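**Student:** So I've got this file, input17.cif, and it contains mmCIF, C-alpha atoms and all ligand atoms:
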data_entry
loop_
_atom_site.label_atom_id
_atom_site.label_comp_id
_atom_site.auth_asym_id
_atom_site.auth_seq_id
_atom_site.Cartn_x
_atom_site.Cartn_y
_atom_site.Cartn_z
CA MET M 1 19.71 -32.61 19.70
CA PHE M 2 19.99 -28.96 18.63
CA LEU M 3 23.31 -29.42 16.83
CA LEU M 4 21.95 -29.42 13.30
CA SER M 5 19.28 -26.79 13.78
CA MET M 6 18.88 -23.79 11.50
CA ARG M 7 19.84 -20.50 13.01
CA VAL M 8 16.97 -18.02 13.38
CA THR M 9 17.38 -14.24 13.59
CA ILE M 10 14.32 -12.08 14.30
CA ILE M 11 14.10 -8.33 13.85
CA GLY M 12 10.94 -7.11 15.62
CA ILE M 13 9.76 -3.71 14.39
CA ASP M 14 6.87 -2.17 16.32
CA GLY M 15 4.05 -0.95 14.08
CA LEU M 16 5.71 -1.80 10.74
CA ASP M 17 2.87 -1.70 8.24
CA TYR M 18 2.57 -4.15 5.34
CA ASP M 19 0.82 -1.73 2.95
CA ILE M 20 3.41 1.01 3.46
CA VAL M 21 6.31 -1.41 2.92
CA GLU M 22 4.65 -2.62 -0.27
CA ALA M 23 3.76 0.87 -1.54
CA LEU M 24 7.36 2.01 -1.07
CA GLY M 25 8.69 -1.21 -2.66
CA LEU M 26 11.16 -1.84 0.14
CA ARG M 27 12.72 -5.08 -1.10
CA ASN M 28 14.99 -5.68 1.87
CA LEU M 29 12.10 -5.56 4.32
CA GLN M 30 9.92 -7.65 1.98
CA GLN M 31 12.55 -10.39 1.51
CA ASP M 32 11.51 -13.60 -0.33
CA VAL M 33 8.21 -14.34 1.42
CA CYS M 34 6.08 -11.56 2.84
CA GLY M 35 2.54 -11.14 4.13
CA LYS M 36 -0.01 -9.88 6.62
CA LEU M 37 -0.85 -11.58 9.91
CA SER M 38 -4.11 -11.25 11.77
CA ILE M 39 -4.08 -10.29 15.45
CA PRO M 40 -5.96 -12.42 18.01
CA ARG M 41 -8.81 -10.50 19.64
CA GLU M 42 -7.29 -11.28 23.04
CA CYS M 43 -4.48 -8.85 22.15
CA TYR M 44 -6.89 -5.90 21.91
CA ARG M 45 -7.60 -3.36 24.63
CA GLU M 46 -10.36 -0.79 24.83
CA ILE M 47 -8.72 2.58 24.22
CA GLY M 48 -11.89 4.70 24.06
CA LYS M 49 -15.58 4.11 24.41
CA GLU M 50 -16.10 0.91 22.45
CA VAL M 51 -12.94 1.55 20.47
CA TYR M 52 -10.59 -1.42 20.51
CA SER M 53 -6.99 -1.44 19.38
CA PRO M 54 -4.19 -4.05 19.30
CA TRP M 55 -2.10 -3.43 22.41
CA THR M 56 1.64 -3.66 21.92
CA PRO M 57 2.80 -5.74 24.94
CA LEU M 58 0.00 -8.28 24.44
CA CYS M 59 0.83 -8.66 20.74
CA TRP M 60 4.52 -9.33 21.44
CA MET M 61 3.48 -11.75 24.14
CA SER M 62 1.54 -13.74 21.53
CA ILE M 63 4.47 -13.56 19.11
CA VAL M 64 7.01 -15.03 21.51
CA THR M 65 4.70 -17.58 23.20
CA GLY M 66 2.43 -18.68 20.34
CA GLN M 67 -0.51 -18.34 22.76
CA VAL M 68 -3.09 -15.68 23.45
CA PRO M 69 -2.26 -13.67 26.58
CA PRO M 70 -3.83 -15.15 29.74
CA GLU M 71 -6.90 -13.36 31.09
CA GLU M 72 -5.20 -11.88 34.16
CA LEU M 73 -2.58 -10.13 32.02
CA ARG M 74 -5.15 -8.85 29.57
CA GLN M 75 -6.92 -7.07 32.39
CA GLU M 76 -3.76 -5.75 33.98
CA LYS M 77 -4.01 -1.99 34.17
CA LYS M 78 -1.10 0.31 33.74
CA ARG M 79 -0.29 1.14 37.32
CA VAL M 80 2.11 3.58 38.78
CA TYR M 81 3.22 2.61 42.25
CA SER M 82 4.00 5.31 44.68
CA ASN M 83 5.61 5.60 48.06
CA GLU M 84 6.27 8.92 49.79
CA GLY M 85 9.70 8.13 51.15
CA VAL M 86 10.85 6.73 47.86
CA ASP M 87 9.37 9.68 45.99
CA TRP M 88 11.63 11.93 47.99
CA VAL M 89 14.66 9.74 47.22
CA ARG M 90 13.66 9.76 43.59
CA ARG M 91 13.39 13.52 43.45
CA ARG M 92 16.87 13.82 44.86
CA PHE M 93 18.57 10.90 43.18
CA GLY M 94 16.13 10.21 40.35
CA LYS M 95 18.51 9.29 37.62
CA TYR M 96 20.55 6.98 39.84
CA LEU M 97 17.50 4.79 40.31
CA GLY M 98 17.30 4.33 36.56
CA PHE M 99 19.21 1.07 36.75
CA MET M 100 16.29 -0.53 38.59
CA ARG M 101 14.04 -0.30 35.57
CA GLY M 102 13.62 -3.47 33.59
CA LYS M 103 14.95 -5.63 36.41
CA ARG M 104 11.54 -6.82 37.50
CA ARG M 105 12.34 -10.53 37.46
CA PHE M 106 15.50 -9.95 39.38
CA LEU M 107 13.63 -7.90 41.98
CA MET M 108 10.80 -10.40 42.29
CA LYS M 109 13.30 -13.19 42.80
CA TYR M 110 14.63 -11.42 45.84
CA GLY M 111 11.19 -10.53 47.13
CA VAL M 112 11.60 -6.82 46.57
CA GLU M 113 8.27 -5.05 46.36
CA LEU M 114 7.85 -3.19 43.11
CA SER M 115 5.83 -0.58 44.97
CA LYS M 116 9.00 0.73 46.53
CA TYR M 117 10.38 1.84 43.22
CA LYS M 118 7.51 3.67 41.55
CA MET M 119 7.67 1.73 38.33
CA VAL M 120 5.12 1.53 35.58
CA GLU M 121 3.75 -1.99 35.44
CA THR M 122 2.93 -3.57 32.10
CA PRO M 123 2.08 -7.20 31.38
CA PHE M 124 5.05 -9.47 31.71
CA ILE M 125 5.40 -13.09 30.60
CA ARG M 126 5.49 -15.44 33.55
CA ASP M 127 5.47 -19.23 33.53
CA MET M 128 4.82 -19.48 29.79
CA ASN M 129 6.91 -21.26 27.20
CA THR M 130 8.56 -18.92 24.72
CA ILE M 131 10.54 -19.25 21.51
CA PHE M 132 13.61 -18.67 23.66
CA ASP M 133 12.91 -21.95 25.44
CA LEU M 134 13.04 -23.73 22.07
CA ALA M 135 16.67 -22.76 21.55
CA ASP M 136 19.60 -23.94 23.59
CA LYS M 137 21.49 -20.72 22.90
CA SER M 138 19.43 -17.59 22.52
CA ILE M 139 19.99 -13.85 22.72
CA ASP M 140 17.07 -11.47 23.32
CA PHE M 141 17.33 -7.73 23.41
CA ASN M 142 14.67 -5.19 24.35
CA ILE M 143 11.67 -7.52 23.72
CA PRO M 144 8.43 -6.10 25.21
CA ALA M 145 6.92 -8.24 27.97
CA TYR M 146 9.98 -10.49 27.94
CA SER M 147 13.44 -8.95 28.10
CA GLU M 148 14.80 -7.56 31.29
CA GLY M 149 17.81 -5.66 32.32
CA TYR M 150 17.94 -3.25 29.42
CA THR M 151 16.73 0.25 29.51
CA LEU M 152 17.84 2.39 26.67
CA ARG M 153 15.84 5.43 27.57
CA PRO M 154 17.39 8.11 29.68
CA PHE M 155 15.62 8.16 33.02
CA GLY M 156 13.79 10.97 34.76
CA THR M 157 14.39 14.60 33.88
CA GLU M 158 16.66 14.00 30.92
CA ALA M 159 14.00 11.88 29.25
CA GLU M 160 11.33 14.47 29.91
CA GLY M 161 13.42 17.12 28.18
CA LEU M 162 13.69 15.17 24.97
CA GLU M 163 11.12 15.00 22.23
CA HIS M 164 9.58 11.55 22.04
CA LEU M 165 10.63 10.82 18.48
CA GLU M 166 14.19 11.87 19.19
CA LEU M 167 14.22 9.57 22.18
CA PHE M 168 13.00 6.55 20.24
CA ASP M 169 15.30 7.29 17.30
CA ARG M 170 18.15 7.23 19.77
CA GLU M 171 16.94 3.95 21.22
CA ASP M 172 16.62 2.37 17.75
CA LYS M 173 20.15 3.50 16.90
CA LEU M 174 21.47 1.76 19.99
CA VAL M 175 19.61 -1.43 19.12
CA MET M 176 21.03 -1.26 15.57
CA GLN M 177 24.55 -0.82 16.93
CA PHE M 178 24.03 -3.72 19.28
CA THR M 179 22.76 -5.92 16.42
CA ARG M 180 25.71 -5.03 14.16
CA SER M 181 28.17 -5.72 16.91
CA ILE M 182 26.60 -9.09 17.79
CA LEU M 183 26.46 -10.21 14.14
CA SER M 184 29.99 -9.09 13.30
CA ARG M 185 31.34 -11.29 16.08
CA ASN M 186 29.63 -14.30 14.53
CA PRO M 187 28.44 -15.55 17.90
CA ASP M 188 27.16 -18.99 18.64
CA TYR M 189 23.37 -18.82 18.82
CA ASN M 190 20.26 -20.67 17.60
CA LEU M 191 17.93 -17.75 18.13
CA PHE M 192 18.65 -14.03 18.21
CA MET M 193 15.85 -11.48 18.54
CA VAL M 194 15.93 -7.71 18.86
CA TYR M 195 13.13 -5.16 18.95
CA MET M 196 12.85 -1.53 17.82
CA ARG M 197 10.03 0.88 18.56
CA ALA M 198 10.60 4.18 16.71
CA ILE M 199 8.50 3.24 13.65
CA ASP M 200 5.45 2.87 15.92
CA HIS M 201 5.85 6.42 17.18
CA TYR M 202 6.31 7.77 13.65
CA GLY M 203 3.10 5.92 12.75
CA HIS M 204 1.21 7.68 15.53
CA GLN M 205 2.56 11.16 14.89
CA LYS M 206 3.65 11.32 11.25
CA PHE M 207 1.24 9.09 9.37
CA GLY M 208 1.42 9.65 5.59
CA THR M 209 4.34 12.08 5.79
CA ARG M 210 7.78 12.08 4.19
CA ASP M 211 9.33 11.73 7.65
CA LEU M 212 7.56 8.41 8.09
CA PHE M 213 8.58 7.18 4.63
CA ASN M 214 12.20 8.16 5.26
CA ARG M 215 12.14 6.26 8.53
CA TYR M 216 10.90 3.15 6.67
CA LYS M 217 13.69 3.56 4.11
CA LEU M 218 16.25 3.82 6.87
CA MET M 219 14.98 0.54 8.29
CA ASP M 220 15.17 -1.05 4.84
CA LEU M 221 18.82 0.02 4.54
CA PHE M 222 19.56 -1.42 7.95
CA ILE M 223 18.17 -4.80 6.88
CA HIS M 224 20.20 -4.61 3.65
CA GLU M 225 23.30 -4.01 5.71
CA ILE M 226 22.83 -6.84 8.20
CA LYS M 227 21.36 -9.56 5.99
CA GLN M 228 24.74 -10.41 4.45
CA LYS M 229 25.97 -11.23 7.93
CA ILE M 230 23.09 -13.57 8.75
CA ASP M 231 23.05 -17.25 7.97
CA GLY M 232 19.91 -19.33 8.46
CA LEU M 233 16.49 -17.75 8.61
CA LEU M 234 15.87 -14.00 8.91
CA LEU M 235 12.36 -13.19 10.11
CA ILE M 236 11.16 -9.61 10.23
CA CYS M 237 7.86 -9.04 12.02
CA SER M 238 5.64 -6.40 13.56
CA ASP M 239 2.85 -6.49 16.12
CA HIS M 240 0.31 -4.42 14.10
CA GLY M 241 0.28 -1.93 11.25
CA PHE M 242 -1.08 1.60 10.96
CA GLN M 243 -3.99 3.44 9.46
CA GLN M 244 -4.93 7.10 9.43
CA LEU M 245 -6.55 8.38 12.59
CA GLU M 246 -9.90 9.91 11.71
CA ASP M 247 -10.15 13.73 11.71
CA THR M 248 -6.41 14.26 11.83
CA LYS M 249 -3.87 15.22 9.19
CA THR M 250 -0.88 13.13 10.17
CA GLY M 251 -2.16 11.10 13.11
CA GLY M 252 -2.17 7.32 12.88
CA ARG M 253 -3.70 4.47 14.82
CA HIS M 254 -2.94 0.76 15.07
CA SER M 255 -4.47 -1.30 12.27
CA ASP M 256 -5.71 -4.89 12.40
CA HIS M 257 -2.84 -6.54 10.52
CA ALA M 258 0.74 -7.21 11.44
CA PHE M 259 3.66 -7.71 9.05
CA TYR M 260 6.03 -10.62 8.52
CA SER M 261 8.71 -11.49 6.00
CA LEU M 262 11.09 -14.43 5.64
CA SER M 263 14.44 -14.83 3.90
CA GLN M 264 13.32 -18.28 2.74
CA SER M 265 10.08 -20.18 2.64
CA ILE M 266 9.32 -22.47 5.60
CA ASP M 267 6.53 -25.01 5.46
CA VAL M 268 4.23 -23.42 8.06
CA GLU M 269 0.96 -21.70 7.30
CA MET M 270 1.22 -18.04 8.29
CA ASP M 271 -2.15 -16.49 9.18
CA SER M 272 -1.84 -14.92 12.59
CA LEU M 273 0.68 -13.67 15.15
CA LEU M 274 0.29 -17.07 16.83
CA ASP M 275 1.96 -18.77 13.84
CA ILE M 276 5.35 -17.22 14.51
CA TYR M 277 6.07 -19.61 17.39
CA PRO M 278 5.48 -22.78 15.27
CA LEU M 279 7.45 -21.18 12.42
CA VAL M 280 10.48 -20.63 14.63
CA LYS M 281 10.11 -24.14 16.03
CA LYS M 282 9.93 -25.67 12.57
CA ALA M 283 12.91 -23.65 11.28
CA MET M 284 15.03 -24.76 14.20
CA GLU M 285 14.17 -28.39 13.46
CA ILE M 286 15.43 -28.13 9.87
ZN ZN M 301 3.02 -1.75 18.81
#
Translate this file's structure into structure tokens.

**Tutor:**
Amino acid sequence: MFLLSMRVTIIGIDGLDYDIVEALGLRNLQQDVCGKLSIPRECYREIGKEVYSPWTPLCWMSIVTGQVPPEELRQEKKRVYSNEGVDWVRRRFGKYLGFMRGKRRFLMKYGVELSKYKMVETPFIRDMNTIFDLADKSIDFNIPAYSEGYTLRPFGTEAEGLEHLELFDREDKLVMQFTRSILSRNPDYNLFMVYMRAIDHYGHQKFGTRDLFNRYKLMDLFIHEIKQKIDGLLLICSDHGFQQLEDTKTGGRHSDHAFYSLSQSIDVEMDSLLDIYPLVKKAMEI
């Protein structure tokens, strides 16, 4: 039943802002159809006293499921599990435990307690239908709240020694390499989605600066490069945009609109993050 479906490729870019893309006239990111998406209030978390902000894992959860995050995940606090014995092992062999990160589903399947591994817990999609269930052949890479088994960050002391932006630039480069290599092999897929996070960190630290604009241009060039290799629909989307953080020079904070663009028009009304799921569904039925 999937034989005639349109192929869908999604490039998820954390914090890509519609107004900045438009101001810089980045045609590759804008594609043929482009707009802002609202963010469901269930994706917000309180980050200061009565200050609410879209929260990245919850936004991506809405993007890939087409539903607002369930209550229990919205309340889930960032927790760091600790265990004395394991702490000692970690101090001695820290980097060798790096492979355990991102393997939460695998661990849960075998009944391994997360608390033994001192991992940071963030909301994770369980028992919900996702866009990946719509496709018979899908590839996901690095998707917040969904993908497992990939950790591109160096673990432990090496990571601590690196500047954050350098770290995320490195991670983005790896994702770009992965994407190029997948596309150049012309693999058999209905849905392919990757995610990059550096732009979000530039938004927080370099808002309104040339560094941020150059990073946007780099992303535009990347899209230019890969779009010739993509047949079917290319969707580019973000989880929220950015606005200037009050009383700072180059600080930014999450804004209330996300970004999307499409390589061709699809007959689905696009108003909110929740409309991406029906869009992907519709495209795959064409
Ligand atoms: Zn984000």

**Student:** Could you work out how far atom CA of Phe178 of chain M lies from atom CA of Met219 of chain M, giving the answer in Å with one decimal?

**Tutor:**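 Distance reported for this atom pair: 14.9 Å.
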
**Student:** Considering all atoms listed in the file, state which residue in the set M:Asp239, M:Glu285, M:Asp256, M:Glu42 is at the smallest distance from ligand ZN 301 (chain M).

**Tutor:**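 Under the stated criterion, the closest residue is M:Asp239.
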
**Student:** Near segment 196-203 of chain M, within 10 Å and counting all atoms listed in the file, which residues show up once chain neighbours fewer than 2 positions away are dropped, as an MDAnalysis selection string?

**Tutor:** chainID M and resid 11:17 56 141:144 164:176 194 205:209 211:213 215:216 219 238:245 250:254

**Student:** I'd like to know which of M:Asn28, M:Lys282, M:Arg74, M:Tyr189 is closest to Glu225 of chain M, using only C-alpha atoms.

**Tutor:** M:Asn28

**Student:** Using atom CA of Pro40 of chain M and atom CA of Ser62 of chain M as the two end points, give the distance in Å to one decimal.

**Tutor:** 8.4 Å

**Student:** Can you work out the spacing between atom CA of Leu279 of chain M and atom CA of Arg45 of chain M in Å, to one decimal?

**Tutor:**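 Answer for the atom CA of Leu279 of chain M to atom CA of Arg45 of chain M separation: 26.3 Å.
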
**Student:** Which one is closest to Cys43 of chain M: M:Ser272, M:Ser147, M:Thr179, M:Gln264? Count only C-alpha atoms.

**Tutor:**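 Residue with the minimum atom-to-atom distance to Cys43 of chain M: M:Ser272.
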
**Student:** Fewer than 4 positions away in the same chain doesn't count, so skip those; otherwise give me all residues within 9 Å of Tyr18 of chain M, counting only C-alpha atoms, as an NGL selection string.

**Tutor:** :M and (22-23 or 30 or 34-36 or 241-242 or 257-260)

**Student:** Show me, as a compact mmCIF listing (two decimals) with C-alpha atoms, keeping the file's coordinate frame, the residues that have an atom within 9 Å of Pro278 of chain M when counting all atoms listed in the file, minus same-chain residues fewer than 3 positions from it.

**Tutor:**
# COMPACT_ATOMS: atom_id res chain seq x y z
CA GLY M 66 2.43 -18.68 20.34
CA ILE M 131 10.54 -19.25 21.51
CA VAL M 268 4.23 -23.42 8.06
CA LEU M 274 0.29 -17.07 16.83
CA ASP M 275 1.96 -18.77 13.84
CA LYS M 281 10.11 -24.14 16.03
CA LYS M 282 9.93 -25.67 12.57
CA ALA M 283 12.91 -23.65 11.28

**Student:** Would you please work out which residue, of M:Asp19, M:Asp220, M:Ile47, M:Ser53, is nearest to ligand ZN 301 (chain M) when using only C-alpha atoms and all ligand atoms?

**Tutor:**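 Ranked by minimum distance to ligand ZN 301 (chain M), first place goes to M:Ser53.
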
**Student:** For a quick check of understanding, using all atoms listed in the file, which of M:Tyr44, M:Trp60, M:Phe124, M:Phe222 has the smallest distance to ligand ZN 301 (chain M)?

**Tutor:**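 So, comparing all the options, the nearest one is M:Trp60.
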
**Student:** May I ask which of the residues M:Gln177, M:Ser138, M:Gln75, M:Asn214 is the closest one to Asn190 of chain M, counting all atoms listed in the file?

**Tutor:** M:Ser138

**Student:** Which residues come within 10 Å of Gln228 of chain M, counting all atoms listed in the file, excluding same-chain residues fewer than 4 positions away, as an MDAnalysis selection string?

**Tutor:** chainID M and resid 183 223:224
